[in-house]
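Raw contents of structure_26.txt, compact mmCIF, N, CA and C atoms and all ligand atoms:
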```txt
# COMPACT_ATOMS: atom_id res chain seq x y z
N VAL Y 1 -15.85 92.88 -21.50
CA VAL Y 1 -17.06 92.68 -20.69
C VAL Y 1 -16.67 92.10 -19.34
N VAL Y 2 -17.20 92.69 -18.30
CA VAL Y 2 -16.96 92.20 -16.94
C VAL Y 2 -18.32 91.91 -16.30
N GLU Y 3 -18.38 90.81 -15.58
CA GLU Y 3 -19.61 90.50 -14.84
C GLU Y 3 -19.33 90.62 -13.35
N LEU Y 4 -20.28 91.24 -12.64
CA LEU Y 4 -20.15 91.48 -11.21
C LEU Y 4 -21.34 90.85 -10.50
N GLY Y 5 -21.13 90.47 -9.24
CA GLY Y 5 -22.24 89.92 -8.47
C GLY Y 5 -22.12 90.28 -7.01
N VAL Y 6 -23.28 90.41 -6.38
CA VAL Y 6 -23.32 90.58 -4.92
C VAL Y 6 -24.38 89.63 -4.37
N GLU Y 7 -24.15 89.18 -3.16
CA GLU Y 7 -25.09 88.29 -2.47
C GLU Y 7 -25.63 88.98 -1.23
N ARG Y 8 -26.92 88.82 -1.02
CA ARG Y 8 -27.56 89.34 0.17
C ARG Y 8 -28.52 88.28 0.69
N GLU Y 9 -29.00 88.46 1.91
CA GLU Y 9 -29.90 87.49 2.53
C GLU Y 9 -31.09 88.18 3.18
N PHE Y 10 -32.18 87.44 3.27
CA PHE Y 10 -33.30 87.90 4.07
C PHE Y 10 -34.05 86.67 4.60
N SER Y 11 -34.93 86.90 5.56
CA SER Y 11 -35.71 85.82 6.15
C SER Y 11 -37.18 86.10 5.93
N ALA Y 12 -37.92 85.10 5.47
CA ALA Y 12 -39.34 85.31 5.23
C ALA Y 12 -40.08 83.98 5.22
N ALA Y 13 -41.38 84.08 5.47
CA ALA Y 13 -42.25 82.91 5.42
C ALA Y 13 -43.02 82.89 4.11
N HIS Y 14 -43.44 81.70 3.72
CA HIS Y 14 -44.36 81.59 2.59
C HIS Y 14 -45.13 80.28 2.70
N GLN Y 15 -46.15 80.18 1.88
CA GLN Y 15 -46.86 78.91 1.73
C GLN Y 15 -47.22 78.79 0.26
N LEU Y 16 -47.17 77.59 -0.24
CA LEU Y 16 -47.46 77.35 -1.65
C LEU Y 16 -48.88 76.83 -1.78
N ARG Y 17 -49.76 77.75 -2.19
CA ARG Y 17 -51.18 77.37 -2.32
C ARG Y 17 -51.34 76.33 -3.42
N GLY Y 18 -52.08 75.29 -3.10
CA GLY Y 18 -52.35 74.27 -4.11
C GLY Y 18 -51.31 73.17 -4.16
N TYR Y 19 -50.24 73.33 -3.41
CA TYR Y 19 -49.17 72.33 -3.41
C TYR Y 19 -49.62 71.13 -2.58
N GLN Y 20 -49.41 69.95 -3.09
CA GLN Y 20 -49.79 68.74 -2.35
C GLN Y 20 -48.60 68.30 -1.52
N GLY Y 21 -48.55 68.76 -0.27
CA GLY Y 21 -47.42 68.37 0.58
C GLY Y 21 -47.15 69.42 1.63
N ALA Y 22 -46.03 69.25 2.31
CA ALA Y 22 -45.72 70.08 3.47
C ALA Y 22 -45.59 71.56 3.12
N CYS Y 23 -45.18 71.87 1.89
CA CYS Y 23 -44.95 73.27 1.52
C CYS Y 23 -46.24 74.07 1.40
N GLU Y 24 -47.40 73.38 1.51
CA GLU Y 24 -48.65 74.13 1.52
C GLU Y 24 -48.84 74.85 2.85
N LYS Y 25 -48.19 74.35 3.90
CA LYS Y 25 -48.27 74.99 5.23
C LYS Y 25 -47.30 76.16 5.28
N ILE Y 26 -47.64 77.15 6.12
CA ILE Y 26 -46.74 78.29 6.29
C ILE Y 26 -45.44 77.81 6.93
N HIS Y 27 -44.33 78.18 6.31
CA HIS Y 27 -43.01 77.85 6.84
C HIS Y 27 -42.03 78.93 6.39
N GLY Y 28 -40.86 78.92 6.97
CA GLY Y 28 -39.90 79.99 6.69
C GLY Y 28 -38.63 79.49 6.04
N HIS Y 29 -37.94 80.44 5.39
CA HIS Y 29 -36.62 80.17 4.83
C HIS Y 29 -35.71 81.36 5.14
N ASN Y 30 -34.43 81.07 5.22
CA ASN Y 30 -33.42 82.12 5.12
C ASN Y 30 -32.99 82.14 3.66
N TRP Y 31 -33.49 83.14 2.94
CA TRP Y 31 -33.28 83.20 1.49
C TRP Y 31 -31.96 83.90 1.19
N LYS Y 32 -31.28 83.43 0.17
CA LYS Y 32 -30.07 84.10 -0.29
C LYS Y 32 -30.31 84.53 -1.74
N VAL Y 33 -29.88 85.73 -2.06
CA VAL Y 33 -30.11 86.29 -3.40
C VAL Y 33 -28.78 86.72 -4.00
N LEU Y 34 -28.52 86.25 -5.21
CA LEU Y 34 -27.34 86.68 -5.97
C LEU Y 34 -27.82 87.55 -7.13
N LEU Y 35 -27.31 88.76 -7.19
CA LEU Y 35 -27.57 89.66 -8.32
C LEU Y 35 -26.32 89.70 -9.19
N GLU Y 36 -26.50 89.46 -10.49
CA GLU Y 36 -25.39 89.54 -11.42
C GLU Y 36 -25.66 90.62 -12.46
N VAL Y 37 -24.67 91.47 -12.68
CA VAL Y 37 -24.76 92.49 -13.71
C VAL Y 37 -23.56 92.36 -14.65
N ARG Y 38 -23.74 92.84 -15.85
CA ARG Y 38 -22.66 92.89 -16.83
C ARG Y 38 -22.35 94.36 -17.12
N VAL Y 39 -21.08 94.70 -17.11
CA VAL Y 39 -20.68 96.07 -17.41
C VAL Y 39 -19.76 96.06 -18.61
N GLY Y 40 -19.98 97.02 -19.49
CA GLY Y 40 -19.19 97.06 -20.72
C GLY Y 40 -17.97 97.94 -20.63
N ALA Y 41 -17.88 98.73 -19.56
CA ALA Y 41 -16.75 99.65 -19.43
C ALA Y 41 -16.50 99.92 -17.96
N LEU Y 42 -15.25 100.21 -17.64
CA LEU Y 42 -14.87 100.55 -16.27
C LEU Y 42 -14.70 102.07 -16.16
N ASP Y 43 -14.90 102.59 -14.95
CA ASP Y 43 -14.69 104.02 -14.75
C ASP Y 43 -13.21 104.31 -14.49
N LYS Y 44 -12.92 105.55 -14.15
CA LYS Y 44 -11.52 105.96 -13.96
C LYS Y 44 -10.84 105.20 -12.84
N LEU Y 45 -11.64 104.77 -11.86
CA LEU Y 45 -11.09 104.03 -10.72
C LEU Y 45 -10.90 102.55 -11.02
N GLY Y 46 -11.40 102.12 -12.19
CA GLY Y 46 -11.33 100.70 -12.51
C GLY Y 46 -12.52 99.91 -12.04
N LEU Y 47 -13.60 100.61 -11.70
CA LEU Y 47 -14.82 99.96 -11.22
C LEU Y 47 -15.85 99.87 -12.33
N GLY Y 48 -16.57 98.74 -12.39
CA GLY Y 48 -17.68 98.62 -13.32
C GLY Y 48 -18.93 99.20 -12.71
N LEU Y 49 -19.23 98.79 -11.50
CA LEU Y 49 -20.36 99.31 -10.72
C LEU Y 49 -19.98 99.06 -9.26
N ASP Y 50 -20.11 100.08 -8.45
CA ASP Y 50 -19.65 100.02 -7.06
C ASP Y 50 -20.39 98.90 -6.30
N PHE Y 51 -19.64 97.94 -5.73
CA PHE Y 51 -20.27 96.85 -4.97
C PHE Y 51 -21.12 97.41 -3.83
N THR Y 52 -20.65 98.48 -3.19
CA THR Y 52 -21.40 99.06 -2.07
C THR Y 52 -22.77 99.55 -2.55
N PHE Y 53 -22.78 100.18 -3.71
CA PHE Y 53 -24.05 100.63 -4.31
C PHE Y 53 -24.93 99.44 -4.65
N MET Y 54 -24.34 98.41 -5.24
CA MET Y 54 -25.12 97.22 -5.59
C MET Y 54 -25.75 96.59 -4.35
N LYS Y 55 -24.95 96.46 -3.28
CA LYS Y 55 -25.47 95.84 -2.06
C LYS Y 55 -26.56 96.67 -1.42
N SER Y 56 -26.35 97.98 -1.35
CA SER Y 56 -27.33 98.81 -0.66
C SER Y 56 -28.65 98.87 -1.45
N GLU Y 57 -28.56 98.92 -2.78
CA GLU Y 57 -29.79 98.95 -3.58
C GLU Y 57 -30.51 97.61 -3.54
N LEU Y 58 -29.75 96.52 -3.56
CA LEU Y 58 -30.39 95.20 -3.46
C LEU Y 58 -31.02 95.03 -2.07
N ASP Y 59 -30.35 95.51 -1.03
CA ASP Y 59 -30.94 95.47 0.31
C ASP Y 59 -32.25 96.24 0.35
N ARG Y 60 -32.27 97.39 -0.33
CA ARG Y 60 -33.48 98.21 -0.34
C ARG Y 60 -34.63 97.46 -1.02
N ILE Y 61 -34.31 96.77 -2.10
CA ILE Y 61 -35.33 95.98 -2.80
C ILE Y 61 -35.80 94.82 -1.93
N LEU Y 62 -34.88 94.17 -1.24
CA LEU Y 62 -35.24 92.99 -0.46
C LEU Y 62 -35.90 93.34 0.86
N ALA Y 63 -35.82 94.60 1.28
CA ALA Y 63 -36.39 95.01 2.57
C ALA Y 63 -37.89 94.72 2.63
N SER Y 64 -38.57 94.83 1.49
CA SER Y 64 -40.02 94.60 1.51
C SER Y 64 -40.35 93.11 1.68
N TYR Y 65 -39.36 92.25 1.48
CA TYR Y 65 -39.58 90.81 1.64
C TYR Y 65 -39.15 90.28 3.01
N ASP Y 66 -38.41 91.11 3.75
CA ASP Y 66 -37.78 90.62 4.97
C ASP Y 66 -38.77 90.52 6.12
N HIS Y 67 -38.79 89.36 6.79
CA HIS Y 67 -39.63 89.14 7.97
C HIS Y 67 -41.10 89.42 7.71
N VAL Y 68 -41.59 88.96 6.57
CA VAL Y 68 -43.02 89.03 6.30
C VAL Y 68 -43.48 87.66 5.78
N LEU Y 69 -44.79 87.50 5.72
CA LEU Y 69 -45.36 86.36 5.00
C LEU Y 69 -45.49 86.81 3.55
N LEU Y 70 -44.67 86.24 2.69
CA LEU Y 70 -44.59 86.71 1.30
C LEU Y 70 -45.94 86.67 0.60
N ASN Y 71 -46.79 85.72 0.96
CA ASN Y 71 -48.10 85.59 0.32
C ASN Y 71 -48.95 86.84 0.49
N ASN Y 72 -48.66 87.66 1.53
CA ASN Y 72 -49.46 88.85 1.78
C ASN Y 72 -49.08 90.03 0.89
N LEU Y 73 -47.96 89.93 0.19
CA LEU Y 73 -47.51 91.06 -0.63
C LEU Y 73 -48.34 91.16 -1.91
N PRO Y 74 -48.50 92.38 -2.43
CA PRO Y 74 -49.33 92.58 -3.63
C PRO Y 74 -48.90 91.70 -4.80
N GLU Y 75 -47.60 91.55 -5.01
CA GLU Y 75 -47.14 90.78 -6.18
C GLU Y 75 -47.42 89.29 -6.06
N PHE Y 76 -47.81 88.84 -4.87
CA PHE Y 76 -48.08 87.41 -4.72
C PHE Y 76 -49.54 87.12 -4.37
N GLN Y 77 -50.42 88.05 -4.76
CA GLN Y 77 -51.85 87.81 -4.57
C GLN Y 77 -52.38 86.79 -5.57
N HIS Y 78 -51.75 86.71 -6.73
CA HIS Y 78 -52.27 85.84 -7.78
C HIS Y 78 -51.27 84.79 -8.23
N GLU Y 79 -50.14 84.71 -7.56
CA GLU Y 79 -49.17 83.66 -7.87
C GLU Y 79 -48.44 83.30 -6.59
N ASN Y 80 -47.93 82.09 -6.53
CA ASN Y 80 -47.23 81.64 -5.34
C ASN Y 80 -45.86 82.29 -5.23
N PRO Y 81 -45.45 82.62 -4.00
CA PRO Y 81 -44.11 83.17 -3.78
C PRO Y 81 -43.05 82.07 -3.78
N THR Y 82 -42.89 81.44 -4.91
CA THR Y 82 -41.86 80.43 -5.07
C THR Y 82 -40.51 81.10 -5.31
N SER Y 83 -39.46 80.34 -5.22
CA SER Y 83 -38.13 80.89 -5.55
C SER Y 83 -38.12 81.39 -6.98
N GLU Y 84 -38.80 80.65 -7.87
CA GLU Y 84 -38.85 81.04 -9.28
C GLU Y 84 -39.48 82.42 -9.46
N ASN Y 85 -40.66 82.62 -8.82
CA ASN Y 85 -41.34 83.90 -8.96
C ASN Y 85 -40.61 85.03 -8.24
N LEU Y 86 -40.03 84.71 -7.09
CA LEU Y 86 -39.24 85.72 -6.38
C LEU Y 86 -38.08 86.20 -7.24
N ALA Y 87 -37.40 85.26 -7.87
CA ALA Y 87 -36.25 85.62 -8.71
C ALA Y 87 -36.68 86.56 -9.82
N ARG Y 88 -37.85 86.29 -10.41
CA ARG Y 88 -38.33 87.15 -11.49
C ARG Y 88 -38.65 88.56 -10.98
N HIS Y 89 -39.35 88.65 -9.85
CA HIS Y 89 -39.69 89.97 -9.31
C HIS Y 89 -38.45 90.76 -8.93
N VAL Y 90 -37.50 90.11 -8.28
CA VAL Y 90 -36.28 90.81 -7.88
C VAL Y 90 -35.52 91.25 -9.13
N PHE Y 91 -35.49 90.39 -10.15
CA PHE Y 91 -34.83 90.75 -11.41
C PHE Y 91 -35.43 92.02 -12.00
N GLU Y 92 -36.77 92.07 -12.08
CA GLU Y 92 -37.43 93.24 -12.67
C GLU Y 92 -37.14 94.51 -11.87
N LYS Y 93 -37.16 94.38 -10.55
CA LYS Y 93 -36.87 95.56 -9.71
C LYS Y 93 -35.41 95.99 -9.86
N CYS Y 94 -34.52 95.03 -9.94
CA CYS Y 94 -33.10 95.36 -10.11
C CYS Y 94 -32.87 96.05 -11.46
N ARG Y 95 -33.58 95.59 -12.47
CA ARG Y 95 -33.39 96.20 -13.78
C ARG Y 95 -33.80 97.67 -13.75
N GLN Y 96 -34.89 97.98 -13.04
CA GLN Y 96 -35.33 99.37 -12.93
C GLN Y 96 -34.30 100.23 -12.20
N VAL Y 97 -33.64 99.62 -11.21
CA VAL Y 97 -32.69 100.38 -10.39
C VAL Y 97 -31.33 100.51 -11.08
N PHE Y 98 -30.84 99.42 -11.63
CA PHE Y 98 -29.44 99.40 -12.07
C PHE Y 98 -29.24 99.79 -13.53
N GLN Y 99 -30.22 99.50 -14.36
CA GLN Y 99 -29.99 99.79 -15.78
C GLN Y 99 -29.80 101.29 -16.05
N PRO Y 100 -30.51 102.19 -15.31
CA PRO Y 100 -30.26 103.61 -15.53
C PRO Y 100 -28.87 104.07 -15.06
N SER Y 101 -28.11 103.18 -14.40
CA SER Y 101 -26.77 103.56 -13.95
C SER Y 101 -25.85 103.85 -15.12
N GLY Y 102 -26.25 103.42 -16.31
CA GLY Y 102 -25.42 103.72 -17.48
C GLY Y 102 -25.74 102.78 -18.61
N PRO Y 103 -25.41 103.21 -19.80
CA PRO Y 103 -25.71 102.38 -20.97
C PRO Y 103 -24.91 101.08 -21.00
N ASN Y 104 -23.85 101.04 -20.19
CA ASN Y 104 -22.99 99.85 -20.20
C ASN Y 104 -23.34 98.85 -19.12
N VAL Y 105 -24.42 99.13 -18.37
CA VAL Y 105 -24.80 98.26 -17.26
C VAL Y 105 -26.05 97.49 -17.63
N SER Y 106 -26.02 96.17 -17.50
CA SER Y 106 -27.24 95.40 -17.69
C SER Y 106 -27.33 94.30 -16.64
N VAL Y 107 -28.54 94.13 -16.12
CA VAL Y 107 -28.80 93.06 -15.17
C VAL Y 107 -28.94 91.76 -15.96
N ILE Y 108 -28.15 90.76 -15.61
CA ILE Y 108 -28.17 89.53 -16.41
C ILE Y 108 -28.78 88.34 -15.68
N GLY Y 109 -28.87 88.41 -14.37
CA GLY Y 109 -29.47 87.28 -13.68
C GLY Y 109 -29.69 87.55 -12.21
N VAL Y 110 -30.73 86.93 -11.67
CA VAL Y 110 -30.97 86.93 -10.23
C VAL Y 110 -31.22 85.49 -9.81
N THR Y 111 -30.45 85.04 -8.85
CA THR Y 111 -30.57 83.68 -8.33
C THR Y 111 -31.08 83.75 -6.90
N VAL Y 112 -32.08 82.95 -6.60
CA VAL Y 112 -32.67 82.92 -5.26
C VAL Y 112 -32.52 81.50 -4.71
N TRP Y 113 -31.83 81.39 -3.59
CA TRP Y 113 -31.73 80.11 -2.87
C TRP Y 113 -32.74 80.11 -1.74
N GLU Y 114 -33.56 79.07 -1.64
CA GLU Y 114 -34.42 78.96 -0.46
C GLU Y 114 -33.83 78.00 0.55
N SER Y 115 -32.76 77.31 0.15
CA SER Y 115 -31.97 76.50 1.08
C SER Y 115 -30.59 76.42 0.47
N SER Y 116 -29.66 75.82 1.18
CA SER Y 116 -28.30 75.75 0.66
C SER Y 116 -28.18 74.81 -0.52
N THR Y 117 -29.26 74.05 -0.79
CA THR Y 117 -29.17 73.04 -1.85
C THR Y 117 -30.20 73.22 -2.96
N ALA Y 118 -30.96 74.33 -2.92
CA ALA Y 118 -31.99 74.51 -3.96
C ALA Y 118 -32.09 75.98 -4.34
N PHE Y 119 -32.00 76.25 -5.64
CA PHE Y 119 -32.10 77.64 -6.10
C PHE Y 119 -32.87 77.72 -7.40
N ALA Y 120 -33.35 78.95 -7.67
CA ALA Y 120 -33.93 79.27 -8.97
C ALA Y 120 -33.20 80.48 -9.51
N ARG Y 121 -32.88 80.47 -10.78
CA ARG Y 121 -32.21 81.63 -11.40
C ARG Y 121 -33.08 82.16 -12.52
N TYR Y 122 -33.35 83.48 -12.48
CA TYR Y 122 -34.09 84.12 -13.55
C TYR Y 122 -33.13 84.95 -14.38
N ALA Y 123 -33.21 84.78 -15.68
CA ALA Y 123 -32.35 85.53 -16.59
C ALA Y 123 -33.11 85.75 -17.88
N GLU Y 124 -32.72 86.79 -18.61
CA GLU Y 124 -33.36 87.03 -19.90
C GLU Y 124 -32.32 86.95 -21.00
ZN ZN Y 201 -40.67 76.95 1.17
```
Produce structure tokens that represent the structure in this file.
Amino acid sequence: VVELGVEREFSAAHQLRGYQGACEKIHGHNWKVLLEVRVGALDKLGLGLDFTFMKSELDRILASYDHVLLNNLPEFQHENPTSENLARHVFEKCRQVFQPSGPNVSVIGVTVWESSTAFARYAE
């Protein structure tokens, strides 16, 4: 078993409705996202899953979050765009994209940093 990961970044604003404090106001973060997958077998080249493919597909998923107010997105109409919820949504989207890459590929975790010192990791 080999585990692979790629990191990507995006910038976006959010506000936490109902939060008692500064985070209730609209503010921005430079978010960092780590996608981790587990592969059960390597191909002829010795690759589990091409990093270039992983990065480009993760970028495609994150494009809808980049330079927007996250609260305006459909998935955040009924829940706050916290790091926790973002990690879950990105995880679900990654699973749809990467799991069909083969029976030996599984998405094992998505970690979202909203600052260099605070992150949420979603895993199943
Ligand atoms: Zn925030």
Do you have, as a Markdown table, the list of residues of chain Y lying at most 7 Å from ligand ZN 201 (chain Y), each with its nearest atom pair and that distance in Å to one decimal, counting all atoms listed in the file and ordered by chain then number?
```
| residue | atom | partner | partner_atom | distance |
| --- | --- | --- | --- | --- |
| Y:His14 | C | Y:ZN201 | ZN | 5.8 |
| Y:Gln15 | N | Y:ZN201 | ZN | 6.4 |
| Y:Leu16 | N | Y:ZN201 | ZN | 6.7 |
| Y:Cys23 | CA | Y:ZN201 | ZN | 5.7 |
| Y:His27 | C | Y:ZN201 | ZN | 5.7 |
| Y:Gly28 | C | Y:ZN201 | ZN | 5.9 |
| Y:His29 | N | Y:ZN201 | ZN | 6.1 |
| Y:Glu114 | CA | Y:ZN201 | ZN | 6.8 |
```
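With only N, CA and C atoms taken into account, the protein and nucleic acid residues at most 8 Å from Y:Val90 (excluding it and anything under 6 positions from it in its own chain) are Ile61, Leu62, Gln96, Gly109 and Val110 of chain Y.
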Take the selection from the previous step and output its residues with N, CA and C atoms, as a PDB file, keeping the file's coordinate frame.
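Once everything was written out, this is out13.pdb:
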```pdb
ATOM      1  N   ILE Y  61     -34.310  96.770  -2.100  1.00  0.00           N
ATOM      2  CA  ILE Y  61     -35.330  95.980  -2.800  1.00  0.00           C
ATOM      3  C   ILE Y  61     -35.800  94.820  -1.930  1.00  0.00           C
ATOM      4  N   LEU Y  62     -34.880  94.170  -1.240  1.00  0.00           N
ATOM      5  CA  LEU Y  62     -35.240  92.990  -0.460  1.00  0.00           C
ATOM      6  C   LEU Y  62     -35.900  93.340   0.860  1.00  0.00           C
ATOM      7  N   GLN Y  96     -34.890  97.980 -13.040  1.00  0.00           N
ATOM      8  CA  GLN Y  96     -35.330  99.370 -12.930  1.00  0.00           C
ATOM      9  C   GLN Y  96     -34.300 100.230 -12.200  1.00  0.00           C
ATOM     10  N   GLY Y 109     -28.870  88.410 -14.370  1.00  0.00           N
ATOM     11  CA  GLY Y 109     -29.470  87.280 -13.680  1.00  0.00           C
ATOM     12  C   GLY Y 109     -29.690  87.550 -12.210  1.00  0.00           C
ATOM     13  N   VAL Y 110     -30.730  86.930 -11.670  1.00  0.00           N
ATOM     14  CA  VAL Y 110     -30.970  86.930 -10.230  1.00  0.00           C
ATOM     15  C   VAL Y 110     -31.220  85.490  -9.810  1.00  0.00           C
TER      16      VAL Y 110
END
```
Selection near stretch 65-77 of chain Y, 12 Å with only C-alpha atoms, sequence-local residues under 4 positions removed, as a PyMOL selection string: chain Y and resi 8-17+24-33+58-61+81-83+85-86+88-90+92-93
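Taking all atoms listed in the file into account, Y:Leu4 lies nearest to Y:Gly48 out of the set Y:Gly48, Y:Glu124, Y:Ser116, Y:Glu79.
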Polymer residues at most 8 Å from Y:Val39, all atoms listed in the file, same-chain spacing of 3 or more positions, as a list in words: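 Selected residues are Val1, Val2, Glu3, Leu4, Glu36, Leu42, Leu47, Gly48, Leu49, Pro103, Asn104, Val105, Ser106 and Val107 of chain Y.
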Strand (DSSP E or B) per DSSP on the backbone: members of stretch 35-78 of chain Y, as a list of chain:residue names: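 In stretch 35-78 of chain Y, DSSP puts these residues in strand (DSSP E or B): Y:Leu35, Y:Glu36, Y:Val37, Y:Arg38, Y:Val39, Y:Leu69.
Atom CA of Y:Ile108 is found 16.6 Å from atom N of Y:Glu57.
For the atom pair formed by atom CA of Y:Val6 and atom CA of Y:Phe91, the distance is 13.2 Å, given to one decimal.
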Could you work out an axis-aligned bounding box for all listed atoms of stretch 39-51 of chain Y, with 5 Å added on each of the six sides, and give its centre and edge lengths in Å to one decimal, as AutoDock Vina command-line options?
```
--center_x -16.0 --center_y 100.3 --center_z -12.3 --size_x 20.3 --size_y 21.3 --size_z 26.9
```
Distance in Å - atom CA of Y:Gln20 versus atom CA of Y:Ala120: 20.2 Å
Which of Y:Ala41, Y:Leu35, Y:Ala22, Y:Gly5 sits closest to Y:Cys94 [using only C-alpha atoms]: Y:Leu35
